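J.: Dropping a structure here in structure tokens format, bear with me for questions.
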Amino acid sequence: MSEHGVALRAVMRSVAFLSAGALAVPLLSGCSSEDPAGKPLAASDIGFADRSLVADGGTLRWAVDSVPDTLNTFQSDADATTTRVAQAVLPAMYRLDANGRPQLDADYLEKAEVVETEPRQVVLYKLNQQAVWSDGREIGAADFAAQWRALSGKDTAYWTARNAGYDRIEKIERGKNDLEVKVTFARPYADWKSLFSPLYPKDVMGTPDSFNDSARKKLKVTAGPFALQKVDRKDDEVTLARNPRWWGHPAKLNEIVLRAVPRDKRAAALAAGELDLAEIDPESVKRITVAAKGTRSATPLMGPGSNLDAADALRSWAVAKGTDEEAADEEISAREKQRKEVAAYARQQQALRGFEVRRSLEPAYTQLALNGAEGPLADERVRRAVARAIDREALASAVLTPLGLPAEPVGSHLALSGQAAYADNSGALGDQDTAEAQALLADAGWVPGGPLKKEKKKGEKAAGSKGEKTSSGPSSGSSSGSASDEEESEDGTYIVGEDDKAPREADKVLREADREKKQDPKKHQENGDGSQHLAQDGKQYTNKFQQGGAPGAYAPRGTAAPAGAAAGALAKDGKPLTLRFVLPSGPGSQTLRTVADRISGMLQKVGIRTEITKVADESYFKDHIASGQFDLALYSWPASAFPATDARPIYAKPVPAADGSLNVEQNYTRVGTDQVDQLFDQAVSTLDEDESRGLIRKADSRIWAAAGSIPLYQRPQLTAARKNIANAGAFGFQTPVYEDMGFLRKGASHPAASPTEK
């Protein structure tokens with residue numbers, strides 16, 4: 001995904017099935033003001049236009065993160081591109097609307113309903129009589145039955161990522177005619193609408209060999225507005241072509257080319273005319289925004305005289321002054337290289353004026369995870385103290401306000417605003433309260449000051465010598481050191497709140513500041529941001545080593561604490577309260593690191609130190625989050641329209657496995673309760689939708705109270721789109737309507753708002 005959440009492929013692959021049925025859509029009327037679900041915080045932004053305004057033909061080049069390893073969404077290595085292809089080429093019985101709620105897809109279904117509840121739940125599907133596979137065969141009961149058998153979990157020869165829901169089916173039969181499919185459940189299943197979306201043909205699902213292999217690299221038979229034409233791994237492209245057998249509104253585009261482009265290279269690819277549509281990072285948003293305003297570079301390298309004649313004159317002057325000719329040539333070469341780079345950048349900016357940024361919020365949220373398996377966070381009081389120390393509103397604002405998006409903290413673990421199960425249950429834990437956080441820590445035995453036991457870690461050297469580094473917290477294999485080491489190495493560890501690891505220069509400056517403050521307090525002033533400086537002889541001293549972190553985070557021992565900071569670190573049984581905070585180090589994770597710095601500053605104010613370790617993206621999830629090698633971490637979960645099914649593995653109580661290990665499923669915080677499990681079980685077995693939603697909200701309240709994870713903010717969705725592209729962009733909850741995408745006719749323009757925005 002992007003820098004606004006972990007969104008690594010490893011993370012999303014492990015939860016890809018959560019997206020397969022939950023990133024889709026048509027329309028739904030707004031909720032009443034009494035509905036706690038409310039409305040989505042941000043509407044979709046897709047450049048809506050009626051089909052009559054969209055030209056026929058054309059190729060849409062759309063950036064993706066990768067060419068997928070498999071085209072089977074039910075396999076463990078499926079990713080976001082797998083889902084995107086499936087949405088365009090395969091049937092889905094239900095798709096999500098703009099509020100993130102499932103709606104029947106009329107292109108495939110005329111009707112679907114529960115027709116019996118006793119002695120068994122029976123769902124009857126009535127298929128659209130025009131719905132056929134690309135080989136001409138009707139979509140029918142045989143396809144439903146083949147998918148059920150493959151995903152039921154009864155045959156381990158099928159390499160499936162999950163069997164949730166399918167394991168509750170007892171049998172699938174043909175109804176009164178070929179257009180009816182009758183599904184009988186062995187156990188009641190509230191989330192039956194999550195099934196058969198997408199639906200694969202029986203040719204794929206019919207045998208373990210075909211399931212495991214045939215749909216990994218190609219899809220011979222499809223049934224959507226587009227068909228899979230080609231997967232080109234050499235050029236990193238997937239080509240979808242208009243399906244001539246599609247019975248719905250014909251696709252406007254001839255082709256959609258999904259092109260794998262790294263996120264940090266997308267702005268250049270857009271400017272070079274290689275892409276029409278791409279999710280981008282905030283830095284690229286700034287570039288497009290500046291380009292739209294027509295801002296020109298003021299560098300003299302772009303003005304008169306920035307040519308080879310000027311370079312020759314510079315060389316002659318340098319030689320006349322006795323400068324070595326070779327040195328002069330190197331200077332000229334460097335200037336010419338810079339001139340070319342600036343010229344290329346200016347050309348890119350000019351090209352980017354043809355694009356606009358479409359903004360919404362992803363159907364996903366970023367959370368702070370607290371590992372409750374061991375260490376200080378095994379104590380619920382400490383977890384709750386961490387949660388009460390954090391200002392979630394400030395964090396959401398820091399990320400979303402600069403992007404022009406609503407900065408409202410997420411109030412639920414199990415749904416997002418607008419979805420049926422959403423309600424703000426954060427009150428079960430409480431708002432930010434420094435005093436309450438400190439009281440909880442004191443109750444848990446963590447008190448300021450006291451003797452600390454010095455434990456030298458294996459392989460650790462004395463800190464402070466040039467080039468020496470302390471050992472890292474988690475077993476990441478990465479080095480750690482003083483705060484200044486953060487600048488030298490992308491992977492490393494530094495401690496926020498530990499006052500004996502500051503660089504020597506910072507030690508000198510801040511000790512001097514403290515000494516002068518004691519001598520003459522009137523000379524000591526405070527900045528508006530809480531940092532301190534001396535107003536003396538017109539000079540201002542600040543701690544330049546803070547790198548945007550908490551005020552005083554790297555101050556040496558003896559330095560006065562900044563305003564609002566804790567009087568001292570907390571300790572218990574001779575050990576300081578220090579939490580390992582693990583973060584990814586890749587270029588797309590800057591926002592996460594900024595959020596982590598702010599969280600560390602908030603925790604420092606209640607006496608909690610954080611040991612921040614930055615690790616390579618590829619090892620972040622597998623080697624740290626999934627294996628439990630962290631105390632604190634930031635990562636994202638996609639939202640689901642079916643939380644009773646999809647969210648249960650994330651919050652289920654870990655149980656001992658047969659080999660003695662702990663089976664955590666996807667509950668990487670290792671925090672769970674029997675009561676939460678029971679509420680999930682009741683919700684998924686209750687066919688009354690209102691009652692099921694009520695049980696989900698109760699489960700969410702219990703999850704908040706346990707303080708294993710703290711939802712922070714819904715992730716921003718920023719998409720660069722060529723200005724004449726219609727019905728594509730930042731979709732929010734809404735599934736793309738692929739057949740409506742295209743380029744506006746000449747002279748046509750986008751209406752002021754789409755139906756979902758009115």
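Note on naming: chains are A, B, ... as they come in the structure tokens, residues start from 1 per chain, ligands start from 1 in the order shown.
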Would you mind listing what lies within 12 Å of Ala420 of chain A as a PyMOL selection string, with only C-alpha atoms counted and same-chain residues fewer than 4 positions away left out?
T.: chain A and resi 28+30-32+35-40+96-102+412+414-416+639-643+689-694+696-697
J.: Save the residues we just selected, N, CA and C atoms, as a compact mmCIF listing (two decimals), in the first residue's frame?
T.:
```txt
# COMPACT_ATOMS: atom_id res chain seq x y z
N LEU A 28 -26.17 3.10 -1.88
CA LEU A 28 -27.10 2.89 -0.76
C LEU A 28 -27.46 4.25 -0.19
N GLY A 30 -28.23 7.11 2.59
CA GLY A 30 -27.52 7.42 3.82
C GLY A 30 -28.22 6.89 5.06
N CYS A 31 -27.42 6.75 6.15
CA CYS A 31 -27.98 6.26 7.40
C CYS A 31 -28.70 7.38 8.12
N SER A 32 -29.62 7.03 8.98
CA SER A 32 -30.31 8.05 9.78
C SER A 32 -29.35 8.59 10.83
N ASP A 35 -28.49 6.29 13.73
CA ASP A 35 -27.70 5.10 13.49
C ASP A 35 -26.27 5.36 13.93
N PRO A 36 -25.75 4.59 14.91
CA PRO A 36 -24.36 4.82 15.38
C PRO A 36 -23.33 4.57 14.29
N ALA A 37 -23.73 3.88 13.23
CA ALA A 37 -22.79 3.64 12.13
C ALA A 37 -22.43 4.93 11.41
N GLY A 38 -23.34 5.89 11.39
CA GLY A 38 -23.06 7.16 10.74
C GLY A 38 -22.82 7.02 9.25
N LYS A 39 -22.03 7.93 8.72
CA LYS A 39 -21.68 7.92 7.31
C LYS A 39 -20.17 7.84 7.16
N PRO A 40 -19.67 7.45 5.99
CA PRO A 40 -18.22 7.45 5.78
C PRO A 40 -17.64 8.83 6.05
N LEU A 96 -19.63 -4.33 -2.24
CA LEU A 96 -19.86 -3.29 -1.25
C LEU A 96 -20.28 -1.98 -1.90
N ASP A 97 -21.14 -1.25 -1.20
CA ASP A 97 -21.57 0.05 -1.70
C ASP A 97 -20.66 1.14 -1.12
N ALA A 98 -21.04 2.38 -1.35
CA ALA A 98 -20.21 3.51 -0.92
C ALA A 98 -20.11 3.63 0.59
N ASN A 99 -21.00 2.97 1.33
CA ASN A 99 -20.95 2.97 2.79
C ASN A 99 -20.28 1.71 3.34
N GLY A 100 -19.69 0.92 2.46
CA GLY A 100 -19.02 -0.29 2.92
C GLY A 100 -19.95 -1.40 3.32
N ARG A 101 -21.16 -1.45 2.71
CA ARG A 101 -22.15 -2.46 3.05
C ARG A 101 -22.44 -3.33 1.83
N PRO A 102 -22.65 -4.62 2.03
CA PRO A 102 -22.86 -5.53 0.89
C PRO A 102 -24.19 -5.28 0.20
N SER A 412 -13.63 2.07 16.32
CA SER A 412 -13.95 0.64 16.38
C SER A 412 -12.81 -0.17 15.79
N LEU A 414 -13.60 -3.16 14.56
CA LEU A 414 -14.29 -4.14 13.72
C LEU A 414 -15.01 -3.54 12.52
N ALA A 415 -15.10 -2.24 12.42
CA ALA A 415 -15.76 -1.60 11.29
C ALA A 415 -15.32 -0.16 11.24
N LEU A 416 -15.59 0.48 10.11
CA LEU A 416 -15.27 1.90 9.95
C LEU A 416 -16.56 2.70 9.78
N ALA A 639 -10.70 -3.05 6.43
CA ALA A 639 -12.04 -3.20 7.00
C ALA A 639 -12.77 -4.33 6.28
N SER A 640 -13.74 -4.91 6.95
CA SER A 640 -14.54 -5.97 6.36
C SER A 640 -16.02 -5.68 6.59
N ALA A 641 -16.83 -6.00 5.62
CA ALA A 641 -18.27 -5.88 5.80
C ALA A 641 -18.81 -7.05 6.62
N PHE A 642 -17.94 -8.03 6.90
CA PHE A 642 -18.35 -9.25 7.61
C PHE A 642 -17.41 -9.50 8.79
N PRO A 643 -17.42 -8.62 9.79
CA PRO A 643 -16.46 -8.74 10.89
C PRO A 643 -16.62 -9.98 11.74
N GLU A 689 -30.10 -9.61 11.75
CA GLU A 689 -29.00 -8.71 11.45
C GLU A 689 -28.79 -7.68 12.55
N ASP A 690 -29.85 -7.13 13.10
CA ASP A 690 -29.72 -6.14 14.17
C ASP A 690 -29.07 -6.75 15.40
N GLU A 691 -29.51 -7.96 15.75
CA GLU A 691 -28.94 -8.63 16.91
C GLU A 691 -27.47 -8.95 16.68
N SER A 692 -27.12 -9.40 15.47
CA SER A 692 -25.73 -9.72 15.15
C SER A 692 -24.85 -8.48 15.26
N ARG A 693 -25.33 -7.33 14.74
CA ARG A 693 -24.56 -6.09 14.84
C ARG A 693 -24.37 -5.69 16.30
N GLY A 694 -25.40 -5.87 17.11
CA GLY A 694 -25.28 -5.54 18.53
C GLY A 694 -24.22 -6.36 19.22
N ILE A 696 -21.58 -7.71 17.76
CA ILE A 696 -20.29 -7.26 17.25
C ILE A 696 -19.83 -6.01 18.01
N ARG A 697 -20.76 -5.09 18.25
CA ARG A 697 -20.40 -3.87 18.97
C ARG A 697 -20.01 -4.18 20.42
```
J.: Would you pick out the contacts of Pro409 of chain A at 6 Å or less, using only C-alpha atoms, so that residues sharing its chain but fewer than 2 positions from it are not included, and give the list as a PyMOL selection string?
T.: chain A and resi 393+396+712-713
J.: Quick one: residues within 12 Å of Glu374 of chain A, only C-alpha atoms counted, chain neighbours fewer than 2 positions away excluded, as a PyMOL selection string?
T.: chain A and resi 370-372+376-380+382-383+579-580+628-632+669-671
J.: So that I have them on file, write out the residues from the current selection with N, CA, C and O atoms, as a compact mmCIF listing (two decimals), in the first residue's frame.
T.:
```txt
# COMPACT_ATOMS: atom_id res chain seq x y z
N LEU A 370 -0.08 -3.55 20.86
CA LEU A 370 0.63 -3.74 22.13
C LEU A 370 0.74 -5.24 22.39
O LEU A 370 -0.28 -5.92 22.58
N ASN A 371 1.95 -5.76 22.40
CA ASN A 371 2.17 -7.19 22.58
C ASN A 371 1.98 -7.56 24.05
O ASN A 371 2.80 -7.23 24.90
N GLY A 372 0.88 -8.26 24.34
CA GLY A 372 0.56 -8.62 25.71
C GLY A 372 1.07 -9.97 26.15
O GLY A 372 0.67 -10.46 27.21
N PRO A 376 6.40 -5.86 30.29
CA PRO A 376 5.49 -4.96 31.01
C PRO A 376 4.07 -4.96 30.47
O PRO A 376 3.11 -4.80 31.23
N LEU A 377 3.92 -5.15 29.15
CA LEU A 377 2.58 -5.07 28.56
C LEU A 377 1.74 -6.31 28.80
O LEU A 377 0.57 -6.36 28.40
N ALA A 378 2.30 -7.33 29.44
CA ALA A 378 1.48 -8.47 29.85
C ALA A 378 0.50 -8.06 30.94
O ALA A 378 -0.51 -8.72 31.15
N ASP A 379 0.79 -6.95 31.61
CA ASP A 379 -0.09 -6.39 32.64
C ASP A 379 -1.09 -5.47 31.96
O ASP A 379 -0.72 -4.46 31.34
N GLU A 380 -2.38 -5.79 32.09
CA GLU A 380 -3.42 -5.00 31.44
C GLU A 380 -3.38 -3.54 31.88
O GLU A 380 -3.68 -2.63 31.11
N VAL A 382 -0.78 -1.71 32.49
CA VAL A 382 0.25 -0.99 31.73
C VAL A 382 -0.25 -0.73 30.31
O VAL A 382 -0.04 0.35 29.76
N ARG A 383 -0.94 -1.73 29.71
CA ARG A 383 -1.49 -1.51 28.38
C ARG A 383 -2.50 -0.37 28.39
O ARG A 383 -2.52 0.49 27.50
N LEU A 579 9.90 0.15 26.47
CA LEU A 579 9.16 -0.68 25.53
C LEU A 579 9.82 -0.69 24.17
O LEU A 579 10.24 0.36 23.66
N ARG A 580 9.93 -1.87 23.57
CA ARG A 580 10.52 -2.01 22.23
C ARG A 580 9.50 -1.59 21.18
O ARG A 580 8.46 -2.21 21.04
N GLY A 628 6.15 -12.03 17.25
CA GLY A 628 6.01 -11.45 18.58
C GLY A 628 7.24 -10.75 19.10
O GLY A 628 7.34 -10.49 20.31
N GLN A 629 8.18 -10.37 18.23
CA GLN A 629 9.40 -9.70 18.66
C GLN A 629 9.20 -8.18 18.68
O GLN A 629 9.83 -7.43 17.94
N PHE A 630 8.33 -7.73 19.56
CA PHE A 630 8.05 -6.31 19.70
C PHE A 630 7.24 -6.09 20.96
O PHE A 630 6.63 -7.02 21.50
N ASP A 631 7.23 -4.86 21.45
CA ASP A 631 6.28 -4.44 22.47
C ASP A 631 5.22 -3.55 21.84
O ASP A 631 4.03 -3.72 22.07
N LEU A 632 5.68 -2.59 21.03
CA LEU A 632 4.80 -1.68 20.31
C LEU A 632 5.10 -1.76 18.82
O LEU A 632 6.25 -1.93 18.42
N THR A 669 -1.12 -9.37 18.74
CA THR A 669 -0.92 -8.74 20.04
C THR A 669 -0.97 -9.77 21.17
O THR A 669 -0.59 -9.46 22.30
N ARG A 670 -1.45 -10.97 20.86
CA ARG A 670 -1.57 -12.06 21.83
C ARG A 670 -2.51 -11.71 22.99
O ARG A 670 -2.43 -12.29 24.07
N VAL A 671 -3.41 -10.76 22.79
CA VAL A 671 -4.37 -10.36 23.81
C VAL A 671 -5.76 -10.81 23.37
O VAL A 671 -6.22 -10.45 22.29
```
J.: Grab the atom CA of Asp56 of chain A to atom CA of Ala292 of chain A distance for me, in Å with one decimal place.
T.: 27.8 Å
J.: If you measure from atom CA of Asn254 of chain A to atom CA of Thr735 of chain A, what distance in Å do you get, rounded to one decimal?
T.: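 Separation of atom CA of Asn254 of chain A and atom CA of Thr735 of chain A: 19.8 Å.
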J.: Per DSSP on the backbone, what are the strand (DSSP E or B) residues of segment 155-366 of chain A, as a PyMOL selection string?
T.: chain A and resi 169-174+180-185+226-232+237-242+255-260+277-279+355-366
J.: Could you list, as a list in words, every residue within 7 Å of segment 423-438 of chain A, counting only C-alpha atoms and ignoring same-chain residues fewer than 6 positions away?
T.: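 Counting only C-alpha atoms, the residues come to Pro36, Ala37, Ala385, Val386, Arg388, Ala389, Ile390, Asp391, Gly411, Ser412, Val606, Arg697, Asp700, Ser701, Trp704 and Ala705 of chain A.
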J.: Take the residues that were just selected and, keeping N, CA, C and O atoms, output them as an mmCIF file, in the first residue's frame.
T.:
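Final output, result.cif:
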```
data_model
loop_
_atom_site.group_PDB
_atom_site.id
_atom_site.type_symbol
_atom_site.label_atom_id
_atom_site.label_comp_id
_atom_site.auth_asym_id
_atom_site.auth_seq_id
_atom_site.Cartn_x
_atom_site.Cartn_y
_atom_site.Cartn_z
ATOM 1 N N PRO A 36 -25.745 4.588 14.913
ATOM 2 C CA PRO A 36 -24.364 4.823 15.376
ATOM 3 C C PRO A 36 -23.334 4.570 14.293
ATOM 4 O O PRO A 36 -22.190 5.010 14.418
ATOM 5 N N ALA A 37 -23.735 3.884 13.225
ATOM 6 C CA ALA A 37 -22.791 3.636 12.134
ATOM 7 C C ALA A 37 -22.435 4.925 11.414
ATOM 8 O O ALA A 37 -21.346 5.063 10.867
ATOM 9 N N ALA A 385 -2.585 2.061 30.475
ATOM 10 C CA ALA A 385 -1.851 3.307 30.710
ATOM 11 C C ALA A 385 -1.265 3.845 29.409
ATOM 12 O O ALA A 385 -1.310 5.052 29.144
ATOM 13 N N VAL A 386 -0.715 2.946 28.596
ATOM 14 C CA VAL A 386 -0.186 3.360 27.294
ATOM 15 C C VAL A 386 -1.304 3.979 26.462
ATOM 16 O O VAL A 386 -1.143 5.045 25.852
ATOM 17 N N ARG A 388 -4.114 5.357 27.484
ATOM 18 C CA ARG A 388 -4.608 6.623 28.044
ATOM 19 C C ARG A 388 -3.590 7.748 27.870
ATOM 20 O O ARG A 388 -3.945 8.932 27.959
ATOM 21 N N ALA A 389 -2.331 7.410 27.647
ATOM 22 C CA ALA A 389 -1.295 8.431 27.447
ATOM 23 C C ALA A 389 -1.319 9.002 26.032
ATOM 24 O O ALA A 389 -0.768 10.078 25.778
ATOM 25 N N ILE A 390 -1.958 8.289 25.113
ATOM 26 C CA ILE A 390 -1.897 8.658 23.694
ATOM 27 C C ILE A 390 -3.067 9.557 23.310
ATOM 28 O O ILE A 390 -4.225 9.258 23.619
ATOM 29 N N ASP A 391 -2.750 10.631 22.624
ATOM 30 C CA ASP A 391 -3.766 11.541 22.106
ATOM 31 C C ASP A 391 -4.078 11.132 20.667
ATOM 32 O O ASP A 391 -3.386 11.524 19.727
ATOM 33 N N GLY A 411 -13.092 4.732 15.864
ATOM 34 C CA GLY A 411 -13.693 4.364 17.146
ATOM 35 C C GLY A 411 -13.998 2.890 17.311
ATOM 36 O O GLY A 411 -14.572 2.488 18.318
ATOM 37 N N SER A 412 -13.626 2.068 16.315
ATOM 38 C CA SER A 412 -13.946 0.640 16.384
ATOM 39 C C SER A 412 -12.809 -0.173 15.794
ATOM 40 O O SER A 412 -12.130 0.271 14.868
ATOM 41 N N VAL A 606 4.556 10.335 30.593
ATOM 42 C CA VAL A 606 4.076 9.575 31.754
ATOM 43 C C VAL A 606 5.162 8.665 32.306
ATOM 44 O O VAL A 606 4.898 7.824 33.158
ATOM 45 N N ARG A 697 -20.763 -5.090 18.250
ATOM 46 C CA ARG A 697 -20.401 -3.870 18.972
ATOM 47 C C ARG A 697 -20.006 -4.175 20.416
ATOM 48 O O ARG A 697 -19.097 -3.544 20.971
ATOM 49 N N ASP A 700 -16.529 -5.448 20.328
ATOM 50 C CA ASP A 700 -15.575 -4.360 20.141
ATOM 51 C C ASP A 700 -15.309 -3.621 21.448
ATOM 52 O O ASP A 700 -14.166 -3.257 21.749
ATOM 53 N N SER A 701 -16.352 -3.403 22.263
ATOM 54 C CA SER A 701 -16.161 -2.746 23.561
ATOM 55 C C SER A 701 -15.207 -3.543 24.441
ATOM 56 O O SER A 701 -14.333 -2.979 25.110
ATOM 57 N N TRP A 704 -11.658 -3.085 23.158
ATOM 58 C CA TRP A 704 -11.123 -1.805 23.633
ATOM 59 C C TRP A 704 -10.651 -1.923 25.077
ATOM 60 O O TRP A 704 -9.554 -1.473 25.430
ATOM 61 N N ALA A 705 -11.475 -2.520 25.936
ATOM 62 C CA ALA A 705 -11.157 -2.604 27.360
ATOM 63 C C ALA A 705 -9.885 -3.407 27.617
ATOM 64 O O ALA A 705 -9.127 -3.098 28.545
#
```
J.: Grab the atom CA of Glu279 of chain A to atom CA of Thr239 of chain A distance for me, in Å with one decimal place.
T.: 18.5 Å
J.: Quick one: of A:Met93, A:Ala150, A:Asp209, A:Arg259, who's nearest to Leu195 of chain A, counting only C-alpha atoms?
T.: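 Ranking A:Met93, A:Ala150, A:Asp209, A:Arg259 by distance to Leu195 of chain A, first place goes to A:Met93.
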J.: Using DSSP secondary structure from the backbone, list all alpha helix (DSSP H) positions within segment 199-404 of chain A, as JSON, numbers by chain.
T.: {"A": [202, 203, 204, 205, 208, 209, 215, 216, 217, 266, 267, 268, 269, 270, 271, 282, 283, 284, 285, 286, 287, 288, 289, 290, 291, 292, 308, 309, 310, 311, 312, 313, 314, 315, 316, 317, 318, 319, 320, 325, 326, 327, 328, 329, 330, 331, 332, 333, 334, 335, 336, 337, 338, 339, 340, 341, 342, 343, 344, 345, 346, 347, 348, 349, 350, 351, 352, 380, 381, 382, 383, 384, 385, 386, 387, 388, 389, 392, 393, 394, 395, 396, 397, 398, 399, 400]}
J.: Which residues are close to Pro406 of chain A, i.e. within 7 Å by only C-alpha atoms, leaving aside same-chain residues fewer than 2 positions away? Reply as a PyMOL selection string.
T.: chain A and resi 41-42+400-401+404+408
J.: For Asp45 of chain A, list every protein, DNA or RNA residue within 12 Å, evaluated using only C-alpha atoms, and leave out those in the same chain fewer than 2 positions away; present the list as a ChimeraX atom specification.
T.: /A:42-43,47-49,98,356-362,405,717-721,725-734,736,750-757
J.: Excluding same-chain residues fewer than 4 positions from Asp107 of chain A, what lies within 12 Å of it counting only C-alpha atoms, as a list in words?
T.: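 Neighbouring residues, sequence-local ones excluded: Pro26, Leu90, Pro91, Ala92, Met93, Tyr94, Arg95, Gln103, Lys111, Lys126, Leu127, Asn128, Gln129, Gln130, Ala131, Val132, Ile139, Ala223, Gly224, Pro225, Trp246, Trp247, Gly248, His249, Pro250, Val737 and Glu739 of chain A.
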J.: Could you check which of A:Val67, A:Ala707, A:Ile599, A:Leu253 is closest to Ala394 of chain A, using only C-alpha atoms?
T.: A:Ile599
